[in-house]
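A.B. asks: Next up, input-v4.cif (mmCIF, C-alpha atoms).
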data_entry
#
loop_
_atom_site.label_atom_id
_atom_site.label_comp_id
_atom_site.auth_asym_id
_atom_site.auth_seq_id
_atom_site.Cartn_x
_atom_site.Cartn_y
_atom_site.Cartn_z
CA MET A 1 -176.53 -54.17 35.17
CA THR A 2 -178.99 -53.98 38.01
CA ALA A 3 -181.97 -52.29 36.47
CA GLU A 4 -185.45 -52.50 37.87
CA HIS A 5 -187.98 -53.92 35.46
CA PRO A 6 -191.70 -53.50 35.57
CA TRP A 7 -193.36 -56.76 36.51
CA SER A 8 -197.02 -56.40 37.01
CA PRO A 9 -200.00 -58.69 36.96
CA ALA A 10 -201.69 -58.92 33.60
CA PRO A 11 -204.97 -57.05 33.31
CA TRP A 12 -207.01 -60.14 32.61
CA GLU A 13 -208.56 -62.49 35.11
CA PRO A 14 -208.38 -66.28 34.88
CA GLU A 15 -210.94 -67.88 32.60
CA PRO A 16 -214.18 -68.58 34.50
CA THR A 17 -214.93 -72.25 34.90
CA ALA A 18 -218.21 -73.86 33.97
CA ALA A 19 -218.70 -74.93 37.56
CA GLY A 20 -220.30 -72.47 39.94
CA PRO A 21 -218.35 -70.67 42.63
CA THR A 22 -219.59 -72.97 45.36
CA SER A 23 -219.14 -76.27 43.55
CA ASP A 24 -216.71 -78.91 44.74
CA ALA A 25 -214.85 -78.66 41.46
CA HIS A 26 -214.46 -74.93 41.87
CA ARG A 27 -213.24 -75.25 45.45
CA GLU A 28 -210.79 -77.97 44.46
CA HIS A 29 -209.53 -75.87 41.59
CA ALA A 30 -209.21 -72.81 43.81
CA SER A 31 -207.33 -74.78 46.43
CA GLU A 32 -204.96 -76.15 43.84
CA ARG A 33 -204.37 -72.70 42.38
CA ASN A 34 -203.66 -71.38 45.83
CA ALA A 35 -201.16 -74.12 46.62
CA LEU A 36 -199.42 -73.74 43.29
CA GLN A 37 -199.63 -69.94 43.27
CA LEU A 38 -200.85 -69.70 39.71
CA THR A 39 -200.87 -66.04 38.82
CA PRO A 40 -200.92 -64.13 35.55
CA LEU A 41 -197.82 -62.22 34.64
CA ALA A 42 -196.85 -59.62 32.09
CA GLY A 43 -193.51 -57.95 31.63
CA ILE A 44 -190.11 -58.61 30.17
CA ALA A 45 -187.55 -61.36 30.52
CA PHE A 46 -184.01 -61.88 29.29
CA ARG A 47 -182.01 -64.56 27.55
CA VAL A 48 -178.25 -64.65 26.97
CA THR A 49 -177.60 -66.92 23.99
CA ALA A 50 -175.68 -67.36 20.79
CA PRO A 51 -177.20 -65.07 18.18
CA GLY A 52 -178.35 -68.13 16.23
CA TYR A 53 -180.69 -69.00 19.06
CA ARG A 54 -182.88 -65.97 18.65
CA ASP A 55 -185.21 -68.36 16.86
CA PHE A 56 -187.74 -69.79 19.30
CA ALA A 57 -188.45 -72.90 17.25
CA ARG A 58 -184.76 -73.77 17.23
CA THR A 59 -184.51 -73.10 20.95
CA VAL A 60 -187.50 -75.28 21.75
CA ALA A 61 -186.18 -78.07 19.53
CA ALA A 62 -182.83 -77.88 21.33
CA SER A 63 -184.50 -78.11 24.72
CA CYS A 64 -186.42 -81.20 23.59
CA GLY A 65 -183.31 -82.82 22.18
CA TYR A 66 -181.33 -82.11 25.31
CA PRO A 67 -183.77 -81.74 28.22
CA GLN A 68 -182.66 -79.60 31.13
CA ARG A 69 -183.81 -79.13 34.72
CA PHE A 70 -187.33 -77.94 33.99
CA ASN A 71 -188.36 -79.71 30.84
CA THR A 72 -188.63 -83.17 29.40
CA ALA A 73 -187.97 -84.41 25.90
CA ASP A 74 -191.61 -83.95 24.94
CA VAL A 75 -192.08 -80.52 26.51
CA GLY A 76 -190.06 -77.79 24.90
CA ALA A 77 -188.88 -74.82 26.90
CA ILE A 78 -187.48 -71.36 26.46
CA TYR A 79 -185.40 -70.52 29.50
CA ALA A 80 -185.37 -66.88 30.50
CA SER A 81 -184.52 -64.79 33.51
CA ARG A 82 -186.34 -61.86 35.03
CA GLU A 83 -183.15 -59.86 35.30
CA PRO A 84 -180.39 -59.49 32.70
CA ASP A 85 -177.76 -60.07 35.37
CA THR A 86 -179.29 -63.42 36.21
CA ALA A 87 -179.30 -64.50 32.57
CA ALA A 88 -175.65 -63.53 32.22
CA ARG A 89 -174.68 -65.26 35.45
CA GLU A 90 -176.44 -68.43 34.34
CA ALA A 91 -174.49 -68.37 31.08
CA PHE A 92 -171.17 -67.91 32.87
CA ARG A 93 -172.01 -70.62 35.40
CA ARG A 94 -172.52 -73.04 32.54
CA PHE A 95 -169.29 -72.01 30.85
CA ALA A 96 -167.48 -72.59 34.13
CA ARG A 97 -169.06 -75.97 34.77
CA ASP A 98 -168.21 -77.17 31.27
CA ARG A 99 -164.69 -75.74 31.40
CA VAL A 100 -165.17 -73.30 28.54
CA ALA A 101 -162.80 -70.34 28.80
CA ALA A 102 -165.04 -67.27 28.79
CA GLU A 103 -162.47 -65.28 26.82
CA GLN A 104 -162.77 -67.82 24.00
CA VAL A 105 -166.54 -67.55 23.76
CA HIS A 106 -167.97 -65.65 20.82
CA LEU A 107 -170.11 -62.63 21.55
CA ARG A 108 -173.46 -63.49 23.07
CA SER A 109 -176.73 -61.77 22.41
CA VAL A 110 -179.02 -60.51 25.12
CA PHE A 111 -182.58 -60.96 23.99
CA VAL A 112 -185.37 -59.13 25.69
CA LEU A 113 -188.67 -60.96 25.64
CA GLN A 114 -191.97 -59.25 26.13
CA ILE A 115 -194.18 -61.80 27.79
CA GLN A 116 -197.80 -62.12 28.71
CA LEU A 117 -198.57 -65.27 30.62
CA GLN A 118 -202.02 -66.31 31.74
CA ALA A 119 -200.61 -68.43 34.56
CA VAL A 120 -197.23 -68.74 36.20
CA LEU A 121 -196.39 -71.70 38.35
CA SER A 122 -193.94 -70.59 41.01
CA LEU A 123 -191.84 -73.42 42.39
CA ILE A 124 -190.09 -71.28 44.94
CA THR A 125 -191.89 -72.72 47.95
CA GLU A 126 -191.68 -76.26 49.22
CA THR A 127 -195.49 -76.38 49.34
CA ALA A 128 -195.71 -75.63 45.64
CA ARG A 129 -193.07 -78.20 44.76
CA ALA A 130 -194.88 -80.82 46.81
CA ALA A 131 -198.21 -80.02 45.13
CA MET B 1 -159.72 -86.19 -2.29
CA ALA B 2 -163.09 -85.33 -0.82
CA THR B 3 -166.28 -86.28 -2.56
CA SER B 4 -169.15 -83.88 -3.08
CA ILE B 5 -171.22 -85.51 -0.35
CA ARG B 6 -172.02 -82.63 1.98
CA GLU B 7 -172.11 -84.75 5.12
CA LEU B 8 -168.46 -85.69 4.59
CA ASP B 9 -167.42 -82.06 5.07
CA ALA B 10 -167.66 -82.57 8.82
CA LEU B 11 -165.17 -85.44 8.67
CA GLU B 12 -162.74 -83.29 6.73
CA ARG B 13 -163.05 -80.44 9.23
CA LEU B 14 -162.70 -82.69 12.25
CA HIS B 15 -159.50 -83.99 10.71
CA ALA B 16 -158.07 -80.71 9.45
CA ASP B 17 -159.03 -78.37 12.28
CA PHE B 18 -159.10 -80.67 15.28
CA SER B 19 -156.66 -83.47 14.43
CA PHE B 20 -159.11 -86.35 14.53
CA THR B 21 -157.73 -89.22 12.49
CA TYR B 22 -159.91 -90.76 9.83
CA ASP B 23 -159.45 -94.18 11.35
CA ALA B 24 -160.64 -92.95 14.75
CA LEU B 25 -163.61 -91.23 13.15
CA ALA B 26 -164.44 -94.44 11.30
CA SER B 27 -164.46 -96.24 14.60
CA ALA B 28 -166.76 -93.59 16.08
CA LEU B 29 -169.06 -94.08 13.13
CA GLN B 30 -168.95 -97.84 13.69
CA THR B 31 -167.72 -98.57 10.23
CA PRO B 32 -164.39 -99.91 8.91
CA ALA B 33 -161.72 -97.37 8.12
CA SER B 34 -161.67 -98.67 4.56
CA THR B 35 -165.28 -97.62 4.14
CA VAL B 36 -164.53 -94.06 5.21
CA HIS B 37 -161.61 -93.96 2.82
CA ARG B 38 -163.88 -95.22 0.08
CA TRP B 39 -166.46 -92.52 0.79
CA ARG B 40 -163.78 -89.87 0.72
CA SER B 41 -162.30 -91.13 -2.53
CA GLY B 42 -165.68 -90.99 -4.19
CA HIS B 43 -165.34 -94.53 -5.46
CA GLY B 44 -167.57 -97.41 -4.47
CA GLY B 45 -170.74 -95.68 -3.39
CA ALA B 46 -172.03 -93.09 -0.98
CA PRO B 47 -172.80 -93.63 2.71
CA THR B 48 -176.11 -95.29 3.42
CA PRO B 49 -178.81 -93.26 5.23
CA VAL B 50 -177.71 -94.69 8.58
CA TYR B 51 -174.22 -93.35 8.09
CA LEU B 52 -175.42 -90.09 6.57
CA HIS B 53 -177.36 -89.57 9.79
CA ARG B 54 -174.25 -90.24 11.88
CA LEU B 55 -172.19 -87.95 9.70
CA ALA B 56 -174.85 -85.26 10.04
CA ALA B 57 -174.45 -85.52 13.82
CA PHE B 58 -170.81 -84.53 13.37
CA GLY B 59 -171.99 -81.57 11.33
CA THR B 60 -174.39 -80.48 14.06
CA PHE B 61 -171.61 -80.78 16.63
CA LEU B 62 -169.32 -78.55 14.56
CA GLU B 63 -172.08 -76.03 14.00
CA GLU B 64 -172.63 -75.69 17.75
CA LEU B 65 -168.91 -75.62 18.44
CA ASP B 66 -168.39 -72.82 15.90
CA MET B 67 -171.28 -70.92 17.40
CA LEU B 68 -169.85 -71.11 20.89
CA MET B 69 -166.14 -70.42 20.74
CA THR B 70 -163.04 -69.64 18.77
CA ARG B 71 -161.11 -72.38 17.04
CA ASP B 72 -158.23 -72.05 19.51
CA GLY B 73 -160.66 -72.33 22.38
CA ALA B 74 -162.26 -75.36 20.81
CA VAL B 75 -158.92 -77.11 20.29
CA ALA B 76 -158.13 -76.77 23.98
CA TRP B 77 -161.65 -77.61 25.13
CA LEU B 78 -161.83 -80.87 23.18
CA ASP B 79 -159.06 -82.28 25.33
CA THR B 80 -160.34 -80.97 28.65
CA PRO B 81 -161.79 -83.56 31.03
CA LEU B 82 -165.33 -82.56 31.98
CA PRO B 83 -167.06 -83.54 35.22
CA TYR B 84 -170.33 -83.71 33.30
CA LEU B 85 -168.76 -86.39 31.09
CA LYS B 86 -167.55 -88.27 34.16
CA GLY B 87 -164.04 -87.02 33.67
CA HIS B 88 -163.82 -87.90 29.99
CA THR B 89 -162.86 -85.33 27.41
CA PRO B 90 -165.19 -84.23 24.63
CA ARG B 91 -162.78 -85.79 22.15
CA ALA B 92 -162.85 -89.17 23.88
CA THR B 93 -166.63 -89.00 24.14
CA ILE B 94 -166.95 -88.31 20.44
CA LEU B 95 -164.57 -91.11 19.56
CA ALA B 96 -166.56 -93.46 21.78
CA GLY B 97 -169.51 -92.81 19.51
CA HIS B 98 -171.35 -90.30 21.68
CA VAL B 99 -171.04 -87.07 19.74
CA ASP B 100 -174.64 -86.25 20.68
CA ARG B 101 -173.67 -85.92 24.35
CA VAL B 102 -171.06 -83.33 23.49
CA THR B 103 -173.43 -81.55 21.14
CA GLY B 104 -175.95 -81.36 23.97
CA ILE B 105 -173.46 -79.59 26.20
CA LEU B 106 -172.69 -77.08 23.48
CA MET B 107 -176.33 -76.60 22.59
CA ALA B 108 -177.24 -75.90 26.19
CA MET B 109 -174.61 -73.18 26.37
CA ASN B 110 -175.61 -71.69 23.04
CA ALA B 111 -179.33 -71.74 23.74
CA GLY B 112 -178.93 -70.14 27.15
CA MET B 113 -180.22 -73.03 29.21
CA PRO B 114 -179.52 -72.69 32.93
CA LEU B 115 -177.86 -75.27 35.11
#
Can the structure from this file be put into structure tokens for me?
C.D. replies:
Amino acid sequence: MTAEHPWSPAPWEPEPTAAGPTSDAHREHASERNALQLTPLAGIAFRVTAPGYRDFARTVAASCGYPQRFNTADVGAIYASREPDTAAREAFRRFARDRVAAEQVHLRSVFVLQIQLQAVLSLITETARAA
Amino acid sequence: MATSIRELDALERLHADFSFTYDALASALQTPASTVHRWRSGHGGAPTPVYLHRLAAFGTFLEELDMLMTRDGAVAWLDTPLPYLKGHTPRATILAGHVDRVTGILMAMNAGMPL
């Protein structure tokens, strides 16, 4: 399962700010955006879950009840991967860590999400994480 | 003889399918064993809202467990020490009154949350 998937910037531009292009606020905002690499994104993403977790509200509630690496109890999250392989590997990693025999696991669903995000915060670089 | 209180169904399943004793479950619920026996007999009143909430947590645990794996798998898993539980088993964690911790592990697997 190593398919290429079309990830392309969304056609829209970031919302213009009230401040002019030469204002301090604008420069500060631009600098922050640059450091954090906020970019729009449109495409598809994948989740490997129990079929009962196709429901986003249930998924978000679960993430709030049991916060994971990238969310807190008051910020819900839907975890997804850009590649189906990654989503599957994440699922199997968790089974392995929690000593669940994969052959005993009920069938999982692979959900494909069509997403359009106005801004993506990439935490890949140390600079971004520090900012 | 089970009563018609829906929340007690989880107790019955934990006992029948996973060999939890009623006395141990009573301890996990922080109530005397006699109270659990009274609830189950249907005589002497229903659980108070505090205990209904705790019983509902057992129900949520079972729902997630059923969603994740087969019954045979679950039987084995309940007695498997988990590093995430500091070497305790899910069963011991539940009996220590922390069913929510075990439910969280199951929920994370079911909802596709990464490590």
A.B. asks: May I ask you to extract the residues of chain B within 8 Å of chain A, using all atoms listed in the file, and to give them as a list in words?
C.D. replies: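 Matching residues, ligands excluded from the count: Met67, Leu68, Met69, Thr70, Asp72, Gly73, Trp77, Thr80, Leu82, Pro83, Tyr84, Gly104, Ile105, Met107, Ala108, Met109, Asn110, Ala111, Gly112, Met113, Pro114 and Leu115 of chain B.
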A.B. asks: What is the CA of Gly76 in chain A to CA of Ala61 in chain A distance in Å?
C.D. replies: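 Computing the Euclidean distance for CA of Gly76 in chain A and CA of Ala61 in chain A yields 6.6 Å.
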A.B. asks: What does the distance between CA of Gly45 in chain B and CA of Gln30 in chain B come to in Å, to one decimal place?
C.D. replies: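 Between CA of Gly45 in chain B and CA of Gln30 in chain B the gap is 17.3 Å.
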A.B. asks: Fewer than 4 positions away in the same chain doesn't count, so skip those; otherwise give me all residues within 12 Å of Leu25 in chain B, counting all atoms listed in the file, as a ChimeraX atom specification.
C.D. replies: /B:8,10-15,18-21,29-37,51,54-55,58,91-99
A.B. asks: Name the residues that the PyMOL selection byres ((chain A and resi 113-122) around 7) picks from the file above, as a list in words, using the file's chain letters and numbers.
C.D. replies: Leu36, Gln37, Leu38, Thr39, Pro40, Leu41, Ala42, Gly43, Ile44, Ala45, Phe46, Phe111, Val112, Leu123 and Ile124 of chain A
A.B. asks: Please, could you write that set of residues out with C-alpha atoms as a compact mmCIF listing (two decimals), in the coordinates of the input?
C.D. replies:
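Okay, result06.txt is ready:
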# COMPACT_ATOMS: atom_id res chain seq x y z
CA LEU A 36 -199.42 -73.74 43.29
CA GLN A 37 -199.63 -69.94 43.27
CA LEU A 38 -200.85 -69.70 39.71
CA THR A 39 -200.87 -66.04 38.82
CA PRO A 40 -200.92 -64.13 35.55
CA LEU A 41 -197.82 -62.22 34.64
CA ALA A 42 -196.85 -59.62 32.09
CA GLY A 43 -193.51 -57.95 31.63
CA ILE A 44 -190.11 -58.61 30.17
CA ALA A 45 -187.55 -61.36 30.52
CA PHE A 46 -184.01 -61.88 29.29
CA PHE A 111 -182.58 -60.96 23.99
CA VAL A 112 -185.37 -59.13 25.69
CA LEU A 123 -191.84 -73.42 42.39
CA ILE A 124 -190.09 -71.28 44.94
A.B. asks: CA of Val75 in chain B and CA of Glu7 in chain B, how far apart in Å?
C.D. replies: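 Separation of CA of Glu7 in chain B and CA of Val75 in chain B: 21.5 Å.
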A.B. asks: Which one of B:Pro90, B:Asp79, B:Leu106, B:Ala46 sits closest to Asp66 in chain B if you count only C-alpha atoms?
C.D. replies: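 The answer is B:Leu106, which sits nearest to Asp66 in chain B.
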A.B. asks: Around all the atoms of range 52-59 of chain A listed in the file, with 6 Å of room on each side, what axis-aligned box do you get, giving centre and edge lengths in Å to one decimal, as JSON?
C.D. replies:
{"center_x": -183.4, "center_y": -69.9, "center_z": 18.6, "size_x": 22.1, "size_y": 19.8, "size_z": 16.7}
A.B. asks: For Lys86 in chain B, which residue among B:Tyr22, B:Ala74, B:Glu64, B:Arg101 is the nearest when counting all atoms listed in the file?
C.D. replies: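 Selected residue with least distance to Lys86 in chain B: B:Arg101.
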